[in-house]
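Q: What follows is my_file-v9.cif, made up of mmCIF, C-alpha atoms:
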data_structure
loop_
_atom_site.label_atom_id
_atom_site.label_comp_id
_atom_site.auth_asym_id
_atom_site.auth_seq_id
_atom_site.Cartn_x
_atom_site.Cartn_y
_atom_site.Cartn_z
CA GLY J 64 18.44 -53.87 23.10
CA HIS J 65 19.64 -54.80 26.58
CA ALA J 66 21.54 -57.86 25.37
CA ALA J 67 23.50 -55.84 22.83
CA GLY J 68 24.19 -53.17 25.44
CA ASP J 69 25.52 -55.76 27.85
CA MET J 70 27.82 -57.15 25.15
CA VAL J 71 29.20 -53.68 24.45
CA LEU J 72 29.83 -53.07 28.16
CA ILE J 73 31.70 -56.36 28.50
CA GLN J 74 33.86 -55.53 25.51
CA MET J 75 34.37 -52.02 26.89
CA ARG J 76 35.79 -53.60 30.04
CA ASP J 77 38.10 -55.82 28.03
CA ARG J 78 39.39 -52.90 25.96
CA LEU J 79 39.89 -50.53 28.87
CA GLU J 80 41.66 -53.22 30.88
CA LYS J 81 44.37 -53.07 28.23
CA VAL J 82 44.74 -49.31 28.71
CA PHE J 83 44.81 -49.19 32.51
CA ARG J 84 46.65 -51.04 35.26
CA GLU J 85 45.33 -53.25 38.05
CA SER J 86 46.10 -50.44 40.52
CA ASP J 87 43.76 -48.04 38.66
CA TYR J 88 40.02 -47.70 39.29
CA LEU J 89 37.49 -48.14 36.51
CA VAL J 90 33.89 -47.50 37.59
CA ARG J 91 30.63 -47.51 35.68
CA TRP J 92 29.37 -44.09 36.72
CA GLY J 93 25.84 -44.49 35.38
CA GLY J 94 24.26 -45.28 32.03
CA GLU J 95 27.01 -45.21 29.42
CA GLU J 96 29.39 -43.11 31.53
CA PHE J 97 32.50 -44.43 33.22
CA LEU J 98 34.84 -42.85 35.75
CA VAL J 99 38.52 -43.77 35.70
CA VAL J 100 41.11 -42.94 38.34
CA ALA J 101 44.60 -43.55 36.96
CA ARG J 102 46.66 -43.56 40.15
CA ALA J 103 50.22 -42.20 40.29
CA THR J 104 50.09 -41.22 36.62
CA SER J 105 52.39 -38.43 35.48
CA ARG J 106 50.59 -35.24 34.50
CA THR J 107 52.75 -35.05 31.40
CA LYS J 108 51.22 -38.32 30.15
CA ALA J 109 47.58 -37.27 30.57
CA GLU J 110 46.96 -36.35 26.93
CA GLN J 111 48.58 -39.56 25.71
CA LEU J 112 46.39 -41.63 28.00
CA ALA J 113 43.23 -39.81 26.89
CA GLU J 114 44.11 -40.47 23.25
CA ARG J 115 44.68 -44.15 23.98
CA ILE J 116 41.20 -44.34 25.49
CA ARG J 117 39.64 -42.60 22.49
CA HIS J 118 41.44 -44.80 19.96
CA THR J 119 40.76 -48.02 21.90
CA ILE J 120 37.01 -47.40 21.76
CA SER J 121 36.67 -46.04 18.23
CA GLY J 122 39.34 -48.08 16.47
CA THR J 123 37.42 -51.38 16.24
CA PRO J 124 33.65 -52.08 15.91
CA PHE J 125 31.97 -53.96 18.77
CA ALA J 126 30.84 -57.50 17.97
CA LEU J 127 27.17 -58.22 18.68
CA GLY J 128 27.11 -61.81 17.44
CA GLY J 129 25.75 -63.23 14.20
CA GLU J 130 28.22 -61.17 12.13
CA ARG J 131 26.68 -57.98 13.49
CA TYR J 132 28.96 -55.12 14.49
CA LEU J 133 28.41 -51.70 16.04
CA SER J 134 30.79 -48.77 15.72
CA LYS J 135 31.04 -46.60 18.83
CA THR J 136 33.11 -43.62 19.85
CA CYS J 137 33.68 -41.96 23.21
CA SER J 138 34.07 -38.47 24.60
CA VAL J 139 36.67 -38.01 27.35
CA GLY J 140 37.14 -35.22 29.88
CA PHE J 141 40.04 -35.27 32.33
CA THR J 142 41.97 -33.35 34.93
CA CYS J 143 44.55 -34.20 37.62
CA PHE J 144 44.18 -34.57 41.37
CA PRO J 145 45.41 -32.74 43.33
CA PHE J 146 44.52 -30.03 40.84
CA LEU J 147 47.31 -27.71 42.04
CA PRO J 148 50.32 -29.73 43.29
CA GLU J 149 51.61 -26.76 45.27
CA HIS J 150 48.18 -26.42 46.98
CA PRO J 151 46.96 -30.02 47.34
CA GLY J 152 43.98 -29.07 49.50
CA PHE J 153 42.69 -26.39 47.12
CA MET J 154 40.12 -28.55 45.33
CA SER J 155 38.14 -31.49 46.68
CA TRP J 156 37.71 -34.81 44.94
CA GLN J 157 34.10 -33.95 44.05
CA GLN J 158 35.08 -30.61 42.54
CA THR J 159 37.84 -32.27 40.54
CA VAL J 160 35.32 -34.70 39.02
CA GLU J 161 32.99 -31.80 38.25
CA LEU J 162 35.81 -29.98 36.46
CA ALA J 163 36.61 -33.09 34.43
CA ASP J 164 32.89 -33.24 33.57
CA HIS J 165 33.25 -29.81 31.98
CA GLY J 166 35.87 -31.34 29.70
CA LEU J 167 33.59 -34.27 28.89
CA TYR J 168 30.65 -32.07 27.95
CA THR J 169 32.88 -29.74 25.93
CA ALA J 170 34.11 -32.75 23.94
CA LYS J 171 30.52 -33.88 23.34
CA ARG J 172 29.36 -30.48 22.13
CA SER J 173 32.39 -30.10 19.89
CA GLY J 174 31.73 -33.15 17.74
CA ARG J 175 32.45 -36.11 20.06
CA ASP J 176 35.06 -38.82 19.49
CA ALA J 177 37.44 -36.48 21.30
CA TRP J 178 39.12 -35.63 24.60
CA VAL J 179 39.37 -32.35 26.53
CA GLY J 180 41.57 -31.74 29.56
CA LEU J 181 41.54 -28.86 32.05
CA HIS J 182 44.72 -27.85 33.88
CA GLY J 183 45.80 -25.34 36.48
CA THR J 184 48.24 -22.56 35.56
CA GLU J 185 50.53 -20.13 37.35
CA SER J 186 47.64 -17.66 37.09
CA THR J 187 45.08 -19.88 38.83
CA VAL J 188 43.65 -17.72 41.62
CA ILE J 189 43.17 -19.63 44.86
CA GLU J 190 41.77 -16.76 46.94
CA GLY J 191 38.29 -17.06 45.44
CA GLY J 192 38.13 -20.76 46.23
CA PRO J 193 37.50 -23.68 43.88
CA GLU J 194 33.74 -23.09 43.82
CA GLN J 195 34.20 -19.93 41.76
CA LEU J 196 36.62 -21.66 39.39
CA VAL J 197 34.35 -24.66 38.79
CA ALA J 198 31.23 -22.52 38.36
CA SER J 199 32.90 -20.14 35.88
CA VAL J 200 35.12 -22.37 33.75
CA THR J 201 34.73 -20.36 30.54
CA LYS J 202 35.51 -17.10 32.30
CA THR J 203 38.52 -18.63 34.07
CA LEU J 204 39.85 -19.95 30.76
CA GLU J 205 39.55 -16.50 29.24
CA SER J 206 41.48 -14.95 32.14
CA GLY J 207 44.29 -17.53 31.93
CA GLY J 208 43.41 -19.18 35.22
CA LEU J 209 42.87 -22.48 33.45
CA ARG J 210 44.61 -24.16 30.54
CA LEU J 211 42.69 -26.36 28.12
CA SER J 212 44.13 -29.15 25.99
CA SER J 213 42.19 -31.15 23.42
CA SER J 214 42.35 -33.53 20.47
CA ILE J 215 40.10 -31.00 18.71
CA PRO J 216 41.65 -27.77 17.35
CA LEU J 217 40.99 -25.16 20.00
CA PRO J 218 39.13 -22.72 17.68
CA SER J 219 36.58 -25.48 16.99
CA LEU J 220 35.74 -26.18 20.64
CA GLN J 221 32.22 -25.34 21.82
CA LEU J 222 32.75 -24.05 25.35
CA ASP J 223 29.77 -23.93 27.69
CA SER J 224 28.68 -20.76 29.36
CA PRO J 225 28.82 -20.99 33.19
CA ALA J 226 25.00 -21.00 33.36
CA GLN J 227 24.74 -23.92 30.93
CA ALA J 228 27.41 -25.86 32.78
CA CYS J 229 25.73 -25.41 36.15
CA ASN J 230 22.34 -26.46 34.76
CA GLU J 231 23.52 -29.55 32.89
CA LEU J 232 26.45 -31.09 34.73
CA PRO J 233 25.57 -33.86 37.17
CA SER J 234 26.83 -33.65 40.72
CA PRO J 235 28.95 -36.65 41.77
CA CYS J 236 26.83 -36.87 44.92
CA ALA J 237 23.42 -36.24 43.40
CA SER J 238 22.23 -39.85 43.45
CA HIS J 239 22.88 -43.02 45.42
CA GLY J 240 22.93 -45.80 42.86
CA ASP J 241 25.00 -48.97 42.94
CA ALA J 242 28.30 -49.00 41.07
CA ASN J 243 29.58 -51.80 38.87
CA VAL J 244 33.36 -51.82 39.00
CA LEU J 245 35.47 -53.03 36.11
CA PRO J 246 37.55 -55.05 36.55
CA ASN J 247 38.58 -55.28 40.21
CA GLY J 248 35.42 -54.72 42.22
CA HIS J 249 37.07 -52.47 44.82
CA LEU J 250 34.13 -50.04 44.81
CA ASP J 251 31.27 -52.48 44.27
CA GLY J 252 28.07 -51.15 45.85
CA LEU J 253 29.47 -47.78 46.89
CA ASN J 254 27.29 -44.79 46.19
CA PRO J 255 28.79 -41.73 44.41
CA CYS J 256 29.33 -39.81 47.65
CA GLU J 257 31.35 -42.67 49.11
CA ARG J 258 33.44 -42.97 45.97
CA ARG J 259 34.91 -39.53 46.50
CA THR J 260 37.62 -40.97 48.75
CA VAL J 261 39.07 -43.13 45.98
CA GLY J 262 42.33 -42.17 44.33
CA ARG J 263 43.68 -39.72 46.86
CA ALA J 264 47.24 -40.67 45.92
CA ALA J 265 49.15 -37.70 44.51
CA HIS J 266 48.87 -37.06 40.78
CA SER J 267 45.80 -39.18 40.12
CA LEU J 268 44.19 -38.65 36.75
CA THR J 269 40.40 -38.34 36.78
CA VAL J 270 38.78 -39.31 33.49
CA PRO J 271 35.01 -39.29 33.03
CA LEU J 272 34.14 -40.73 29.64
CA GLU J 273 30.91 -41.44 27.82
CA VAL J 274 30.44 -44.07 25.12
CA ILE J 275 28.59 -42.75 22.09
CA LYS J 276 26.71 -44.76 19.47
CA GLN J 277 28.05 -43.93 16.00
#
Could you write out this structure as structure tokens?

A:
Amino acid sequence: GHAAGDMVLIQMRDRLEKVFRESDYLVRWGGEEFLVVARATSRTKAEQLAERIRHTISGTPFALGGERYLSKTCSVGFTCFPFLPEHPGFMSWQQTVELADHGLYTAKRSGRDAWVGLHGTESTVIEGGPEQLVASVTKTLESGGLRLSSSIPLPSLQLDSPAQACNELPSPCASHGDANVLPNGHLDGLNPCERRTVGRAAHSLTVPLEVIKQ
């Protein structure tokens, strides 16, 4: 029920506060999804941070009161912003979130309780623009224009086709709902389009995650 859901969200905040710093942004993105911007985080630490998130959520059941407990896991998708350090204007904030969403949905379809990251490579083609890259993630992975990392063995990953991804992934600017910010309240009341300006510091880590009932 709603009371149990509220208790889980409060405990989610408490757990994620231990993973992130006060300078980071933790936003409830809608429903059971959260968006995290880990500012000034080294790209080399991205996988470690994603695993800390996964373990923090799944490692301990959530207390619902009256000796009732609920086990939950999460799926995490992430990428870094700017996406290509040598071309910082190549991909917008919105497109970076959309790319991280591809990682999130890949983790969900591949069994959940997992993380998937998408990274640029030396073969990432910038001439076609980021729109082509985001719309054709599977094709770009196959050509070497993207690198994928995951807590799931790569042969077991269920990659979306570009058509499926375009039909199912939400746009960060599709709706104008209020945001609940955990824990600092910097973005309270901003709609998704306004949130795009957050975290423009170099080497921000964008981490959409969804909490899953187990």

Q: Env of region 123-134 of chain J: 9 Å cut, atoms = all atoms listed in the file, seq-sep filter 5 positions within chain, self excluded. Answer as a PDB file with C-alpha atoms, in the frame of the given file.

A:
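Below is the file that was written, out_24.pdb:
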ATOM      1  CA  ALA J  66      21.540 -57.860  25.370  1.00  0.00           C
ATOM      2  CA  ALA J  67      23.500 -55.840  22.830  1.00  0.00           C
ATOM      3  CA  GLY J  68      24.190 -53.170  25.440  1.00  0.00           C
ATOM      4  CA  MET J  70      27.820 -57.150  25.150  1.00  0.00           C
ATOM      5  CA  VAL J  71      29.200 -53.680  24.450  1.00  0.00           C
ATOM      6  CA  GLN J  74      33.860 -55.530  25.510  1.00  0.00           C
ATOM      7  CA  MET J  75      34.370 -52.020  26.890  1.00  0.00           C
ATOM      8  CA  HIS J 118      41.440 -44.800  19.960  1.00  0.00           C
ATOM      9  CA  LYS J 276      26.710 -44.760  19.470  1.00  0.00           C
ATOM     10  CA  GLN J 277      28.050 -43.930  16.000  1.00  0.00           C
TER      11      GLN J 277
END

Q: Can you work out the spacing between CA of Ser173 (chain J) and CA of Ser219 (chain J) in Å, to one decimal?

A: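 Answer for the CA of Ser173 (chain J) to CA of Ser219 (chain J) separation: 6.9 Å.
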
Q: Which residues, named as in the file, does the PyMOL selection byres ((chain J and resi 178-191) around 10) pick out? Answer as a PyMOL selection string.

A: chain J and resi 106+109-110+113-114+116-117+137-143+146-148+150+153-154+159+162-171+173+175-177+192-196+200+203-204+206-215+217+220+269-270+272

Q: Quote the spacing between CA of Leu222 (chain J) and CA of Ala103 (chain J) in Å to one decimal place.

A: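 Result for CA of Leu222 (chain J) versus CA of Ala103 (chain J): 29.3 Å, one decimal.
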
Q: Mind giving me the straight-line distance from CA of Lys135 (chain J) to CA of Val90 (chain J) in Å, one decimal?

A: 19.0 Å

Q: Compare J:Leu72, J:Leu98, J:Arg115, J:Glu205 by their minimum atom-to-atom distance to Glu161 (chain J), counting only C-alpha atoms, and give me the closest one.

A: J:Leu98

Q: Using only C-alpha atoms, find the one residue out of J:Gly174, J:Lys108, J:Pro151, J:His65 that sits nearest to Thr136 (chain J).

A: J:Gly174

Q: Given all atoms listed in the file as the basis, pick out the residue of J:Ser199, J:Gln158, J:Asp87, J:Gly94 nearest to Asp69 (chain J).

A: J:Gly94

Q: Compare J:Lys202, J:Arg84, J:Gly152, J:Ser121 by their minimum atom-to-atom distance to Arg102 (chain J), counting only C-alpha atoms, and give me the closest one.

A: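 Closest to Arg102 (chain J) of all the choices is J:Arg84.
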
Q: Counting only C-alpha atoms, which residue out of J:Leu112, J:Ile73, J:Gly122, J:Ser105 sits closest to Phe144 (chain J)?

A: J:Ser105

Q: Please supply region 194-217 of chain J, rebuilt with N, CA, C and O atoms, as a compact mmCIF listing (two decimals), keeping the file's coordinate frame.

A:
# COMPACT_ATOMS: atom_id res chain seq x y z
N GLU J 194 35.13 -23.19 44.26
CA GLU J 194 33.74 -23.09 43.82
C GLU J 194 33.60 -22.10 42.68
O GLU J 194 32.90 -22.33 41.70
N GLN J 195 34.28 -20.95 42.80
CA GLN J 195 34.20 -19.93 41.76
C GLN J 195 34.83 -20.42 40.47
O GLN J 195 34.31 -20.20 39.37
N LEU J 196 35.93 -21.14 40.57
CA LEU J 196 36.62 -21.66 39.39
C LEU J 196 35.75 -22.67 38.66
O LEU J 196 35.59 -22.62 37.45
N VAL J 197 35.15 -23.62 39.40
CA VAL J 197 34.35 -24.66 38.79
C VAL J 197 33.07 -24.09 38.18
O VAL J 197 32.62 -24.52 37.12
N ALA J 198 32.49 -23.09 38.83
CA ALA J 198 31.23 -22.52 38.36
C ALA J 198 31.43 -21.59 37.17
O ALA J 198 30.46 -21.27 36.48
N SER J 199 32.64 -21.12 36.93
CA SER J 199 32.90 -20.14 35.88
C SER J 199 34.08 -20.59 35.02
O SER J 199 35.05 -19.86 34.85
N VAL J 200 34.00 -21.81 34.49
CA VAL J 200 35.12 -22.37 33.75
C VAL J 200 35.47 -21.53 32.53
O VAL J 200 36.64 -21.21 32.29
N THR J 201 34.46 -21.14 31.75
CA THR J 201 34.73 -20.36 30.54
C THR J 201 35.41 -19.05 30.88
O THR J 201 36.39 -18.65 30.23
N LYS J 202 34.92 -18.37 31.90
CA LYS J 202 35.51 -17.10 32.30
C LYS J 202 36.94 -17.30 32.80
O LYS J 202 37.83 -16.49 32.50
N THR J 203 37.17 -18.38 33.55
CA THR J 203 38.52 -18.63 34.07
C THR J 203 39.49 -18.97 32.95
O THR J 203 40.66 -18.59 32.98
N LEU J 204 39.02 -19.69 31.92
CA LEU J 204 39.85 -19.95 30.76
C LEU J 204 40.24 -18.65 30.07
O LEU J 204 41.41 -18.47 29.67
N GLU J 205 39.29 -17.77 29.92
CA GLU J 205 39.55 -16.50 29.24
C GLU J 205 40.56 -15.65 30.00
O GLU J 205 41.36 -14.94 29.39
N SER J 206 40.56 -15.75 31.32
CA SER J 206 41.48 -14.95 32.14
C SER J 206 42.86 -15.60 32.29
O SER J 206 43.76 -15.00 32.87
N GLY J 207 43.01 -16.84 31.80
CA GLY J 207 44.29 -17.53 31.93
C GLY J 207 44.43 -18.34 33.20
O GLY J 207 45.49 -18.90 33.45
N GLY J 208 43.35 -18.42 33.98
CA GLY J 208 43.41 -19.18 35.22
C GLY J 208 43.29 -20.67 35.03
O GLY J 208 43.51 -21.44 35.96
N LEU J 209 42.91 -21.08 33.83
CA LEU J 209 42.87 -22.48 33.45
C LEU J 209 43.51 -22.64 32.08
O LEU J 209 43.46 -21.72 31.25
N ARG J 210 44.09 -23.81 31.86
CA ARG J 210 44.61 -24.16 30.54
C ARG J 210 43.82 -25.35 30.01
O ARG J 210 43.54 -26.28 30.76
N LEU J 211 43.46 -25.29 28.75
CA LEU J 211 42.69 -26.36 28.12
C LEU J 211 43.54 -27.05 27.06
O LEU J 211 44.23 -26.40 26.28
N SER J 212 43.49 -28.39 27.05
CA SER J 212 44.13 -29.15 25.99
C SER J 212 43.08 -30.07 25.37
O SER J 212 42.14 -30.50 26.05
N SER J 213 43.23 -30.37 24.08
CA SER J 213 42.19 -31.15 23.42
C SER J 213 42.71 -31.80 22.15
O SER J 213 43.67 -31.31 21.53
N SER J 214 42.06 -32.90 21.76
CA SER J 214 42.35 -33.53 20.47
C SER J 214 41.68 -32.77 19.33
O SER J 214 41.96 -33.02 18.16
N ILE J 215 40.78 -31.85 19.68
CA ILE J 215 40.10 -31.00 18.71
C ILE J 215 40.83 -29.67 18.63
O ILE J 215 41.24 -29.12 19.66
N PRO J 216 41.03 -29.11 17.43
CA PRO J 216 41.65 -27.77 17.35
C PRO J 216 40.90 -26.78 18.23
O PRO J 216 39.67 -26.71 18.20
N LEU J 217 41.62 -26.03 19.01
CA LEU J 217 40.99 -25.16 20.00
C LEU J 217 39.96 -24.20 19.41
O LEU J 217 38.92 -23.97 20.04
